[in-house]
file target.txt (compact mmCIF, C-alpha atoms)
# COMPACT_ATOMS: atom_id res chain seq x y z
CA MET A 1 -24.33 55.39 66.37
CA LYS A 2 -26.95 52.93 65.25
CA GLU A 3 -25.06 51.61 62.24
CA ASN A 4 -27.77 49.29 60.96
CA LEU A 5 -30.52 51.88 61.19
CA TYR A 6 -28.30 54.42 59.42
CA LYS A 7 -27.59 52.01 56.58
CA TYR A 8 -31.20 50.97 56.44
CA ILE A 9 -32.36 54.57 55.96
CA LEU A 10 -29.76 55.14 53.24
CA GLY A 11 -30.94 51.99 51.48
CA ILE A 12 -34.43 53.45 51.25
CA ALA A 13 -33.44 57.05 50.56
CA ASP A 14 -30.78 56.43 47.92
CA ASN A 15 -33.38 54.80 45.64
CA SER A 16 -35.43 57.99 45.70
CA LEU A 17 -32.37 60.23 45.33
CA ILE A 18 -31.04 58.50 42.23
CA LEU A 19 -34.45 58.07 40.61
CA GLY A 20 -35.23 61.70 41.46
CA GLN A 21 -31.96 62.76 39.82
CA ARG A 22 -32.82 60.74 36.71
CA MET A 23 -36.29 62.28 36.44
CA GLY A 24 -35.01 65.76 37.25
CA ALA A 25 -32.46 65.51 34.44
CA LEU A 26 -35.42 65.40 32.03
CA THR A 27 -36.32 69.00 32.81
CA GLY A 28 -36.76 70.65 29.44
CA HIS A 29 -36.36 67.32 27.62
CA GLY A 30 -39.77 65.72 28.15
CA PRO A 31 -41.69 64.64 25.03
CA SER A 32 -44.41 67.23 25.73
CA LEU A 33 -44.75 70.13 28.14
CA GLU A 34 -47.23 68.28 30.37
CA THR A 35 -45.08 65.16 30.53
CA ASP A 36 -42.01 67.24 31.21
CA ILE A 37 -43.76 68.91 34.15
CA ALA A 38 -45.01 65.55 35.41
CA CYS A 39 -41.49 64.05 35.38
CA THR A 40 -40.06 66.99 37.30
CA ASN A 41 -42.98 66.93 39.76
CA ILE A 42 -42.22 63.29 40.46
CA SER A 43 -38.58 64.21 40.90
CA LEU A 44 -39.54 66.96 43.35
CA ASP A 45 -41.67 64.56 45.41
CA LEU A 46 -38.80 62.08 45.55
CA PHE A 47 -36.28 64.73 46.59
CA GLY A 48 -38.69 65.93 49.27
CA GLN A 49 -38.92 62.42 50.67
CA VAL A 50 -35.15 62.07 50.45
CA ARG A 51 -34.65 65.17 52.57
CA SER A 52 -36.77 63.71 55.36
CA TYR A 53 -34.80 60.47 55.27
CA TYR A 54 -31.37 62.12 55.15
CA GLN A 55 -32.26 64.58 57.91
CA TYR A 56 -33.11 61.58 60.04
CA ALA A 57 -29.95 59.75 58.97
CA ALA A 58 -27.86 62.80 59.86
CA LYS A 59 -29.43 62.87 63.30
CA ILE A 60 -28.57 59.23 63.82
CA ALA A 61 -25.03 59.68 62.53
CA GLY A 62 -24.69 62.20 65.35
CA ASP A 63 -21.56 63.84 63.94
CA LYS A 64 -21.06 66.93 61.81
CA ARG A 65 -22.61 65.42 58.70
CA THR A 66 -25.69 67.19 57.39
CA GLU A 67 -28.40 65.96 55.01
CA ASP A 68 -26.50 67.66 52.17
CA ASP A 69 -23.22 65.93 53.02
CA ILE A 70 -24.98 62.59 52.94
CA ALA A 71 -26.59 63.37 49.59
CA MET A 72 -23.62 65.00 47.90
CA LEU A 73 -20.36 63.82 49.37
CA ARG A 74 -20.35 60.06 49.42
CA GLN A 75 -18.32 57.84 47.10
CA GLU A 76 -20.06 55.60 44.59
CA ARG A 77 -19.58 52.46 46.69
CA GLU A 78 -21.33 54.14 49.62
CA TYR A 79 -24.61 54.60 47.75
CA LEU A 80 -26.97 51.73 48.42
CA ASN A 81 -29.66 52.20 45.78
CA VAL A 82 -30.87 49.33 43.62
CA LEU A 83 -29.53 49.06 40.08
CA LEU A 84 -32.97 49.62 38.56
CA VAL A 85 -33.18 53.33 39.41
CA GLU A 86 -29.81 54.21 37.88
CA GLN A 87 -30.62 52.80 34.43
CA PRO A 88 -30.47 55.40 31.65
CA ASP A 89 -33.21 57.14 29.67
CA THR A 90 -32.55 55.17 26.51
CA ASP A 91 -35.89 56.42 25.21
CA PHE A 92 -39.15 57.54 26.82
CA ALA A 93 -40.35 53.92 27.07
CA TYR A 94 -37.33 53.15 29.28
CA THR A 95 -38.01 56.20 31.42
CA MET A 96 -41.59 55.12 32.05
CA ALA A 97 -40.80 51.42 32.41
CA ARG A 98 -38.12 52.22 35.02
CA GLN A 99 -40.56 54.46 36.86
CA PHE A 100 -43.37 51.89 36.71
CA LEU A 101 -41.21 48.96 37.87
CA PHE A 102 -40.03 51.06 40.79
CA ASP A 103 -43.39 52.70 41.63
CA VAL A 104 -45.18 49.38 42.10
CA TYR A 105 -42.44 48.29 44.49
CA HIS A 106 -42.30 51.69 46.21
CA PHE A 107 -46.03 51.69 46.93
CA LEU A 108 -45.97 48.17 48.40
CA PHE A 109 -42.87 49.02 50.42
CA LEU A 110 -44.29 52.23 51.90
CA THR A 111 -47.56 50.48 52.74
CA GLU A 112 -45.54 48.20 55.03
CA LEU A 113 -43.14 50.87 56.28
CA GLN A 114 -46.12 52.77 57.69
CA LYS A 115 -46.34 49.97 60.26
CA SER A 116 -42.72 50.41 61.38
CA THR A 117 -42.13 50.75 65.11
CA ASP A 118 -39.79 53.62 64.26
CA LEU A 119 -42.11 56.61 64.38
CA THR A 120 -40.03 58.84 62.11
CA LEU A 121 -39.92 56.22 59.38
CA SER A 122 -43.61 55.45 59.67
CA ALA A 123 -44.42 59.18 59.46
CA ILE A 124 -42.28 59.61 56.33
CA ALA A 125 -43.93 56.54 54.79
CA ASN A 126 -47.39 57.80 55.63
CA LYS A 127 -46.60 61.13 53.97
CA SER A 128 -44.82 59.70 50.94
CA ILE A 129 -47.33 57.02 50.01
CA LYS A 130 -49.90 59.63 49.05
CA GLU A 131 -47.46 61.09 46.55
CA VAL A 132 -46.30 57.72 45.30
CA SER A 133 -49.88 56.66 44.54
CA TYR A 134 -49.95 59.51 42.00
CA HIS A 135 -46.60 58.38 40.54
CA GLN A 136 -47.87 54.85 40.17
CA ARG A 137 -51.03 55.96 38.38
CA PHE A 138 -49.02 58.15 36.03
CA SER A 139 -46.43 55.52 35.08
CA SER A 140 -49.04 52.73 34.80
CA ASP A 141 -51.02 54.96 32.47
CA TRP A 142 -47.98 55.37 30.21
CA ILE A 143 -47.29 51.63 30.18
CA LYS A 144 -50.82 51.19 28.85
CA ARG A 145 -50.66 54.04 26.37
CA LEU A 146 -47.39 52.90 24.84
CA GLY A 147 -47.96 49.15 25.24
CA ASP A 148 -51.42 49.29 23.72
CA GLY A 149 -50.54 52.13 21.34
CA THR A 150 -48.96 51.89 17.89
CA GLU A 151 -46.86 49.04 16.61
CA GLU A 152 -43.73 51.12 17.19
CA SER A 153 -44.62 52.24 20.73
CA HIS A 154 -45.57 48.66 21.64
CA LYS A 155 -42.25 47.35 20.36
CA ARG A 156 -40.28 49.95 22.27
CA MET A 157 -42.15 49.45 25.53
CA GLN A 158 -41.72 45.69 25.29
CA THR A 159 -37.97 46.16 24.71
CA ALA A 160 -37.71 48.47 27.72
CA ILE A 161 -39.62 46.09 29.97
CA ASN A 162 -37.55 43.11 28.82
CA ASP A 163 -34.29 44.95 29.46
CA LEU A 164 -35.19 46.40 32.84
CA TRP A 165 -36.74 43.15 34.05
CA THR A 166 -33.21 42.00 34.87
CA TYR A 167 -33.10 44.54 37.71
CA THR A 168 -36.43 43.73 39.38
CA ASP A 169 -35.39 40.76 41.49
CA GLU A 170 -32.87 42.83 43.44
CA LEU A 171 -35.72 44.85 44.93
CA PHE A 172 -36.53 41.83 47.10
CA HIS A 173 -33.04 40.99 48.32
CA GLN A 174 -32.34 41.49 52.00
CA THR A 175 -29.17 43.15 53.21
CA ASP A 176 -27.69 42.58 56.67
CA ALA A 177 -29.08 45.95 57.75
CA ASP A 178 -32.52 44.86 56.47
CA LYS A 179 -32.40 41.67 58.51
CA ALA A 180 -31.34 43.49 61.65
CA MET A 181 -34.10 46.07 61.23
CA ILE A 182 -36.77 43.47 60.53
CA SER A 183 -35.91 41.69 63.76
CA GLU A 184 -36.40 44.97 65.63
CA GLY A 185 -39.78 45.62 64.03
CA ILE A 186 -38.40 48.68 62.25
CA GLY A 187 -37.72 47.33 58.78
CA VAL A 188 -39.89 45.83 56.06
CA ASP A 189 -39.36 42.24 54.99
CA VAL A 190 -39.10 42.96 51.27
CA SER A 191 -38.97 39.27 50.36
CA LYS A 192 -42.63 39.10 51.34
CA LEU A 193 -43.57 41.79 48.82
CA LYS A 194 -42.33 39.81 45.83
CA GLU A 195 -45.48 37.89 45.03
CA ALA A 196 -47.78 40.92 45.21
CA TYR A 197 -45.29 42.89 43.12
CA TYR A 198 -45.06 40.47 40.22
CA LYS A 199 -48.83 39.97 40.30
CA LYS A 200 -49.52 43.69 40.03
CA VAL A 201 -46.85 44.25 37.39
CA SER A 202 -48.05 41.28 35.33
CA ASP A 203 -51.68 42.43 35.50
CA ILE A 204 -50.80 45.86 34.14
CA LEU A 205 -48.49 44.47 31.46
CA GLU A 206 -51.20 42.12 30.28
CA GLU A 207 -53.73 44.91 30.25
CA SER A 208 -51.25 46.84 28.12
CA THR A 209 -51.01 43.92 25.64
CA LEU A 210 -47.38 43.43 26.68
CA GLU A 211 -45.74 40.13 27.41
CA VAL A 212 -44.52 39.39 30.91
CA PRO A 213 -40.82 38.49 30.51
CA GLU A 214 -39.94 34.94 31.45
CA SER A 215 -36.23 35.52 31.91
CA LYS A 216 -34.82 34.24 35.17
CA TYR A 217 -31.52 36.03 34.72
CA PHE A 218 -31.24 38.82 37.25
CA GLN A 219 -28.61 41.43 38.15
CA LYS A 220 -27.81 42.56 41.66
CA GLY A 221 -25.20 44.56 43.54
CA GLY A 222 -26.59 48.04 44.12
CA LYS A 223 -27.68 47.31 47.66
CA GLN A 224 -24.05 46.44 48.43
CA GLY A 225 -22.75 49.54 46.66
CA ILE A 226 -21.64 47.69 43.52
CA HIS A 227 -23.23 49.71 40.73
CA THR A 228 -23.57 49.63 36.97
CA GLU A 229 -21.37 51.89 34.85
CA HIS A 230 -24.14 54.52 34.73
CA MET A 231 -23.82 55.42 38.39
CA GLY A 232 -20.52 57.27 38.03
CA TYR A 233 -22.00 59.59 35.43
CA ILE A 234 -25.03 60.31 37.61
CA LEU A 235 -22.84 61.19 40.57
CA ALA A 236 -20.53 63.30 38.44
CA GLU A 237 -23.49 65.50 37.58
CA LEU A 238 -25.17 65.32 40.98
CA GLN A 239 -22.04 66.16 42.92
CA TYR A 240 -20.33 68.53 40.50
CA MET A 241 -21.02 71.81 42.32
CA GLN A 242 -20.05 70.51 45.75
CA ARG A 243 -16.86 68.95 44.40
CA ALA A 244 -15.87 72.03 42.39
CA TYR A 245 -16.81 74.53 45.09
CA PRO A 246 -16.74 72.71 48.44
CA ASN A 247 -19.33 73.94 50.96
CA MET A 248 -20.97 76.30 48.51
CA GLU A 249 -24.50 77.37 49.34
CA TRP A 250 -27.24 79.07 47.37
CA MET S 1 -58.75 59.87 57.82
CA ILE S 2 -56.72 60.91 60.83
CA GLU S 3 -58.49 63.54 62.89
CA ALA S 4 -55.85 65.93 64.06
CA GLU S 5 -56.57 68.64 66.54
CA GLN S 6 -55.00 71.98 65.92
CA ASN S 7 -53.63 73.54 69.06
CA ILE S 8 -53.32 77.25 68.43
CA ASP S 9 -53.21 80.04 70.98
CA VAL S 10 -56.06 82.46 70.17
CA LYS S 11 -53.71 85.42 70.61
CA LEU S 12 -51.65 84.18 67.66
CA ILE S 13 -54.41 83.43 65.17
CA ALA S 14 -54.70 86.93 63.73
CA ILE S 15 -50.92 87.14 63.25
CA LEU S 16 -50.66 83.76 61.54
CA GLU S 17 -53.62 84.53 59.30
CA LYS S 18 -51.58 87.31 57.73
CA VAL S 19 -48.99 84.84 56.47
CA SER S 20 -49.88 83.50 53.04
CA ASP S 21 -48.76 80.56 50.96
CA PRO S 22 -46.05 82.06 48.68
CA GLU S 23 -47.28 79.97 45.74
CA ILE S 24 -50.96 80.79 46.27
CA PRO S 25 -50.83 84.30 47.77
CA VAL S 26 -54.61 84.57 48.30
CA LEU S 27 -54.56 81.67 50.71
CA SER S 28 -53.43 82.15 54.30
CA ILE S 29 -51.43 79.34 55.87
CA MET S 30 -54.20 79.04 58.45
CA ASP S 31 -56.85 78.41 55.80
CA MET S 32 -54.46 75.99 54.14
CA GLY S 33 -54.33 73.96 57.34
CA VAL S 34 -50.54 73.70 57.44
CA VAL S 35 -50.20 75.25 60.92
CA ARG S 36 -50.72 72.43 63.38
CA SER S 37 -49.87 74.15 66.62
CA ALA S 38 -48.75 77.51 67.94
CA PHE S 39 -48.30 78.42 71.57
CA ILE S 40 -46.21 80.66 73.77
CA GLU S 41 -43.68 78.97 76.01
CA ASN S 42 -41.39 81.05 78.23
CA GLY S 43 -41.95 84.07 76.03
CA VAL S 44 -41.08 82.25 72.81
CA VAL S 45 -43.71 81.25 70.25
CA LYS S 46 -43.38 77.66 69.12
CA VAL S 47 -45.03 76.89 65.82
CA GLN S 48 -45.39 73.51 64.16
CA ILE S 49 -46.14 73.34 60.45
CA THR S 50 -46.65 70.37 58.16
CA PRO S 51 -45.90 70.24 54.41
CA THR S 52 -48.59 69.72 51.80
CA TYR S 53 -46.16 67.63 49.73
CA SER S 54 -42.77 66.33 50.91
CA GLY S 55 -40.92 68.34 48.28
CA CYS S 56 -42.95 71.52 48.66
CA PRO S 57 -40.32 74.27 48.23
CA ALA S 58 -42.66 76.77 49.89
CA MET S 59 -42.12 75.31 53.35
CA ASP S 60 -38.80 77.04 54.01
CA VAL S 61 -40.30 80.36 52.90
CA ILE S 62 -43.41 79.82 55.03
CA GLY S 63 -41.20 79.16 58.06
CA ASP S 64 -39.28 82.40 57.48
CA ASP S 65 -42.50 84.36 56.87
CA ILE S 66 -44.01 83.09 60.12
CA LYS S 67 -40.93 84.19 62.05
CA ALA S 68 -41.02 87.61 60.37
CA ALA S 69 -44.75 88.10 61.07
CA LEU S 70 -44.33 87.13 64.73
CA LYS S 71 -41.27 89.33 65.09
CA LEU S 72 -43.29 92.27 63.79
CA ALA S 73 -45.86 91.51 66.50
CA GLY S 74 -43.10 91.46 69.09
CA PHE S 75 -42.56 87.72 69.48
CA GLU S 76 -39.44 85.61 69.15
CA SER S 77 -40.33 82.26 67.59
CA GLU S 78 -39.20 78.79 66.63
CA VAL S 79 -40.73 76.93 63.71
CA GLU S 80 -40.66 73.16 63.52
CA LEU S 81 -41.60 71.03 60.51
CA ILE S 82 -43.58 67.92 61.43
CA LEU S 83 -44.68 65.07 59.19
CA ALA S 84 -47.26 63.24 61.27
CA PRO S 85 -50.17 63.30 60.98
CA ALA S 86 -49.77 63.89 57.27
CA TRP S 87 -51.54 66.88 55.73
CA THR S 88 -54.75 66.26 53.84
CA THR S 89 -56.81 68.51 51.61
CA ASP S 90 -59.64 68.10 54.15
CA TRP S 91 -57.77 70.58 56.33
CA ILE S 92 -58.33 73.43 53.88
CA THR S 93 -61.04 75.56 55.49
CA PRO S 94 -64.28 76.55 53.68
CA ARG S 95 -62.91 80.10 53.50
CA GLY S 96 -59.70 78.70 51.98
CA ARG S 97 -61.69 76.77 49.36
CA LYS S 98 -63.56 79.92 48.43
CA ALA S 99 -60.29 81.87 48.15
CA LEU S 100 -58.91 79.19 45.82
CA GLU S 101 -61.98 79.31 43.58
CA ASP S 102 -61.93 83.11 43.45
CA TYR S 103 -58.26 82.95 42.49
CA GLY S 104 -59.00 80.59 39.59
CA ILE S 105 -57.95 77.29 41.15
CA ALA S 106 -60.60 74.57 41.42
CA ALA S 107 -60.79 73.34 45.02
CA PRO S 108 -60.16 69.66 45.77
CA LEU S 109 -63.07 67.26 45.59
CA GLY S 110 -63.14 63.82 47.21
CA GLU S 111 -60.82 60.98 46.41
CA GLU S 112 -63.56 59.30 44.38
CA ALA S 113 -63.84 62.36 42.15
CA ASP S 114 -60.11 62.16 41.39
CA LYS S 115 -60.49 58.51 40.42
CA ASP S 116 -63.48 59.34 38.21
CA VAL S 117 -61.42 61.91 36.39
CA LEU S 118 -58.56 59.49 35.83
CA LEU S 119 -60.84 56.70 34.72
CA HIS S 120 -62.76 59.07 32.46
CA GLY S 121 -65.91 58.67 34.51
CA LYS S 122 -68.24 61.43 35.61
CA ARG S 123 -67.10 65.00 35.13
CA LEU S 124 -67.13 66.71 38.48
CA VAL S 125 -64.38 69.30 38.47
CA LYS S 126 -65.94 72.73 38.02
CA CYS S 127 -64.31 75.40 35.88
CA PRO S 128 -63.50 78.32 38.22
CA GLN S 129 -64.06 80.77 35.33
CA CYS S 130 -67.51 79.80 33.99
CA GLY S 131 -68.72 77.19 36.47
CA SER S 132 -69.19 74.43 33.88
CA THR S 133 -68.37 70.86 34.88
CA ASN S 134 -67.72 69.99 31.25
CA THR S 135 -63.98 69.93 31.90
CA LYS S 136 -61.10 67.62 31.09
CA MET S 137 -57.84 66.75 32.76
CA ILE S 138 -54.78 67.66 30.72
CA SER S 139 -52.20 66.33 33.17
CA GLN S 140 -52.14 64.86 36.66
CA PHE S 141 -49.20 67.11 37.44
CA GLY S 142 -49.42 70.89 37.24
CA SER S 143 -47.56 74.07 38.03
CA THR S 144 -46.85 72.95 41.60
CA ALA S 145 -46.76 69.56 43.31
CA CYS S 146 -50.25 70.03 44.74
CA LYS S 147 -52.07 70.80 41.50
CA ALA S 148 -53.26 69.09 38.30
CA GLN S 149 -53.89 70.80 34.96
CA PHE S 150 -57.41 70.99 33.59
CA GLN S 151 -59.19 72.67 30.74
CA CYS S 152 -62.81 73.75 30.40
CA ASN S 153 -64.51 72.38 27.27
CA ASP S 154 -67.08 75.19 27.31
CA CYS S 155 -65.09 78.39 27.86
CA GLN S 156 -61.80 76.75 26.76
CA GLU S 157 -59.89 78.24 29.69
CA PRO S 158 -57.09 76.10 31.11
CA PHE S 159 -57.02 76.06 34.91
CA ASP S 160 -55.38 74.43 37.92
CA TYR S 161 -57.18 71.88 40.05
CA PHE S 162 -55.99 71.36 43.61
CA LYS S 163 -55.48 67.60 43.82
CA CYS S 164 -57.24 65.69 46.54
CA LEU S 165 -54.78 64.29 49.06
CA LYS S 166 -56.02 61.98 51.80
call {"tool": "encode", "arguments": {"input": "target.txt", "output": "structure tokens"}}
result
Amino acid sequence: MKENLYKYILGIADNSLILGQRMGALTGHGPSLETDIACTNISLDLFGQVRSYYQYAAKIAGDKRTEDDIAMLRQEREYLNVLLVEQPDTDFAYTMARQFLFDVYHFLFLTELQKSTDLTLSAIANKSIKEVSYHQRFSSDWIKRLGDGTEESHKRMQTAINDLWTYTDELFHQTDADKAMISEGIGVDVSKLKEAYYKKVSDILEESTLEVPESKYFQKGGKQGIHTEHMGYILAELQYMQRAYPNMEW
Amino acid sequence: MIEAEQNIDVKLIAILEKVSDPEIPVLSIMDMGVVRSAFIENGVVKVQITPTYSGCPAMDVIGDDIKAALKLAGFESEVELILAPAWTTDWITPRGRKALEDYGIAAPLGEEADKDVLLHGKRLVKCPQCGSTNTKMISQFGSTACKAQFQCNDCQEPFDYFKCLK
């Protein structure tokens, strides 16, 4: 089995799985019907992308594991998503700030992944980027509406951005699997996306009358499977049915 | 845009045209452009379909419906889901666009039109009920992944707009 490729795919897919789970959990809880539908549509797109990645990972694993096993039956330490996507929906500003800070990265990442020498990954990237461009427009729009909205919405959006900023640097860390895949022309060198990312994020924050945080204190660990305390709760909900009724199907 | 040739055996076209998109029943999967190839190999029909959106829940149903329609016509079949080249709204046929409009869904315009809508520029999306272009976008995300929600300012009817995807 190609261990590095397998891990590399999980590293990409787990971000979308956990963010998709977060957005999906808002079903019926969105601040308005339209926003509610938008959040769940984004979740659906992310889950769709995740299926393509996990199906590919299952093929590479070459054993009895299926896409569902990979999604549902791993332990917390085996999930390789960044800490950003597991952060909670403290309020709607946090939900949109989390989405925005990930979308900008996701779009840049997929732009590069389309050039991968691995044809399955480049095909998934080529498909997904069209969807992600809609996500990015949606979340950027909310950053502007809340940032340049009322005094209260501005304050809350600034708080959310300041808090979540801590988790942005990890997006650009390279794992061993990343390095191995870059050398084979399969993976994306995320460290090279950093400048474009902070430029784009800063431009939109400024347009939204928000301050770009100056903090240099950053958290990391997710890419190595070391998660924040929120992750256990997400998995408890995500995996509940499969743990309670092993191998159940719809 | 990637030009992708469809490779479909003429004998199979009429059968596949009877299969419709379960979420937009007036639209056949052929007019939707999701069937990329269909040919007979050693007595088995091999069909390749591509999703409109990655998470489109209709794909599994479409696969089953294709198999059922071919079975009825006396063929065993295999359906494969392919991702590349990625589906674009340009693959919806003129007949498919007409079917959408008749059903009450505004057909996709160009990418520029979508940007205009988002940036509150020119109004180009036509109300499928009264034909007015005096319409507004309510949400970029609608009842399914492929649609946005609009409303007509003249006849007040809300309607779906099939988002442009290129």
call {"tool": "closest_residue", "arguments": {"input": "target.txt", "among": "A:Leu17, A:Leu119, A:Asp103, A:Glu112", "to": "chain S", "atoms": "only C-alpha atoms"}}
result
A:Leu119
call {"tool": "residues_near_point", "arguments": {"input": "target.txt", "point": "(-31.0, 57.3, 56.4)", "cutoff": "10 Å", "atoms": "all atoms listed in the file", "output": "PyMOL selection string"}}
result
chain A and resi 4-14+50-61+67+70+121
call {"tool": "closest_residue", "arguments": {"input": "target.txt", "among": "S:Phe39, S:Trp87, S:Phe150, S:Tyr161", "to": "chain A", "atoms": "all atoms listed in the file"}}
result
S:Trp87
call {"tool": "closest_atom_pairs", "arguments": {"input": "target.txt", "of": "chain A", "to": "chain S", "cutoff": "9 Å", "atoms": "all atoms listed in the file", "output": "JSON lines"}}
result
{"residue": "A:Glu34", "atom": "CA", "partner": "S:Ser139", "partner_atom": "CA", "distance": 6.0}
{"residue": "A:Thr35", "atom": "CA", "partner": "S:Ser139", "partner_atom": "CA", "distance": 7.7}
{"residue": "A:Ile37", "atom": "CA", "partner": "S:Phe141", "partner_atom": "CA", "distance": 6.6}
{"residue": "A:Ala38", "atom": "CA", "partner": "S:Phe141", "partner_atom": "CA", "distance": 4.9}
{"residue": "A:Cys39", "atom": "CA", "partner": "S:Phe141", "partner_atom": "CA", "distance": 8.5}
{"residue": "A:Asn41", "atom": "CA", "partner": "S:Ala145", "partner_atom": "CA", "distance": 5.8}
{"residue": "A:Ile42", "atom": "CA", "partner": "S:Ala145", "partner_atom": "CA", "distance": 8.2}
{"residue": "A:Ser43", "atom": "CA", "partner": "S:Gly55", "partner_atom": "CA", "distance": 8.8}
{"residue": "A:Leu44", "atom": "CA", "partner": "S:Gly55", "partner_atom": "CA", "distance": 5.3}
{"residue": "A:Asp45", "atom": "CA", "partner": "S:Gly55", "partner_atom": "CA", "distance": 4.8}
{"residue": "A:Leu46", "atom": "CA", "partner": "S:Gly55", "partner_atom": "CA", "distance": 7.2}
{"residue": "A:Phe47", "atom": "CA", "partner": "S:Gly55", "partner_atom": "CA", "distance": 6.1}
{"residue": "A:Gly48", "atom": "CA", "partner": "S:Gly55", "partner_atom": "CA", "distance": 3.4}
{"residue": "A:Gln49", "atom": "CA", "partner": "S:Ser54", "partner_atom": "CA", "distance": 5.5}
{"residue": "A:Val50", "atom": "CA", "partner": "S:Ser54", "partner_atom": "CA", "distance": 8.7}
{"residue": "A:Arg51", "atom": "CA", "partner": "S:Gly55", "partner_atom": "CA", "distance": 8.2}
{"residue": "A:Ser52", "atom": "CA", "partner": "S:Ser54", "partner_atom": "CA", "distance": 7.9}
{"residue": "A:Leu119", "atom": "CA", "partner": "S:Ala84", "partner_atom": "CA", "distance": 9.0}
{"residue": "A:Thr120", "atom": "CA", "partner": "S:Leu83", "partner_atom": "CA", "distance": 8.3}
{"residue": "A:Ser122", "atom": "CA", "partner": "S:Ala84", "partner_atom": "CA", "distance": 8.8}
{"residue": "A:Ala123", "atom": "CA", "partner": "S:Ala84", "partner_atom": "CA", "distance": 5.3}
{"residue": "A:Ile124", "atom": "CA", "partner": "S:Leu83", "partner_atom": "CA", "distance": 6.6}
{"residue": "A:Asn126", "atom": "CA", "partner": "S:Ala86", "partner_atom": "CA", "distance": 6.7}
{"residue": "A:Lys127", "atom": "CA", "partner": "S:Ala86", "partner_atom": "CA", "distance": 5.3}
{"residue": "A:Ser128", "atom": "CA", "partner": "S:Ser54", "partner_atom": "CA", "distance": 6.9}
{"residue": "A:Lys130", "atom": "CA", "partner": "S:Leu165", "partner_atom": "CA", "distance": 6.7}
{"residue": "A:Glu131", "atom": "CA", "partner": "S:Tyr53", "partner_atom": "CA", "distance": 7.4}
{"residue": "A:Tyr134", "atom": "CA", "partner": "S:Gln140", "partner_atom": "CA", "distance": 7.9}
{"residue": "A:Arg137", "atom": "CA", "partner": "S:Leu118", "partner_atom": "CA", "distance": 8.7}
{"residue": "A:Phe138", "atom": "CA", "partner": "S:Gln140", "partner_atom": "CA", "distance": 7.4}
call {"tool": "residues_near_point", "arguments": {"input": "target.txt", "point": "(-68.4, 64.8, 32.1)", "cutoff": "7 Å", "atoms": "only C-alpha atoms", "output": "NGL selection string"}}
result
:S and (122-124 or 133-135)
call {"tool": "atom_distance", "arguments": {"input": "target.txt", "atom1": "CA of Trp165 (chain A)", "atom2": "CA of Leu205 (chain A)"}}
result
12.1 Å
call {"tool": "atom_distance", "arguments": {"input": "target.txt", "atom1": "CA of Pro31 (chain A)", "atom2": "CA of Lys144 (chain A)"}}
result
16.7 Å
call {"tool": "closest_residue", "arguments": {"input": "target.txt", "among": "S:Ile24, S:Ile62, S:Ile8, S:Ile40", "to": "Asp160 (chain S)", "atoms": "all atoms listed in the file"}}
result
S:Ile24
call {"tool": "closest_residue", "arguments": {"input": "target.txt", "among": "A:Thr166, A:Gln239, A:Gln87, A:Ser208", "to": "Asp141 (chain A)", "atoms": "only C-alpha atoms"}}
result
A:Ser208
call {"tool": "atom_distance", "arguments": {"input": "target.txt", "atom1": "CA of Asp118 (chain A)", "atom2": "CA of Ile186 (chain A)"}}
result
5.5 Å
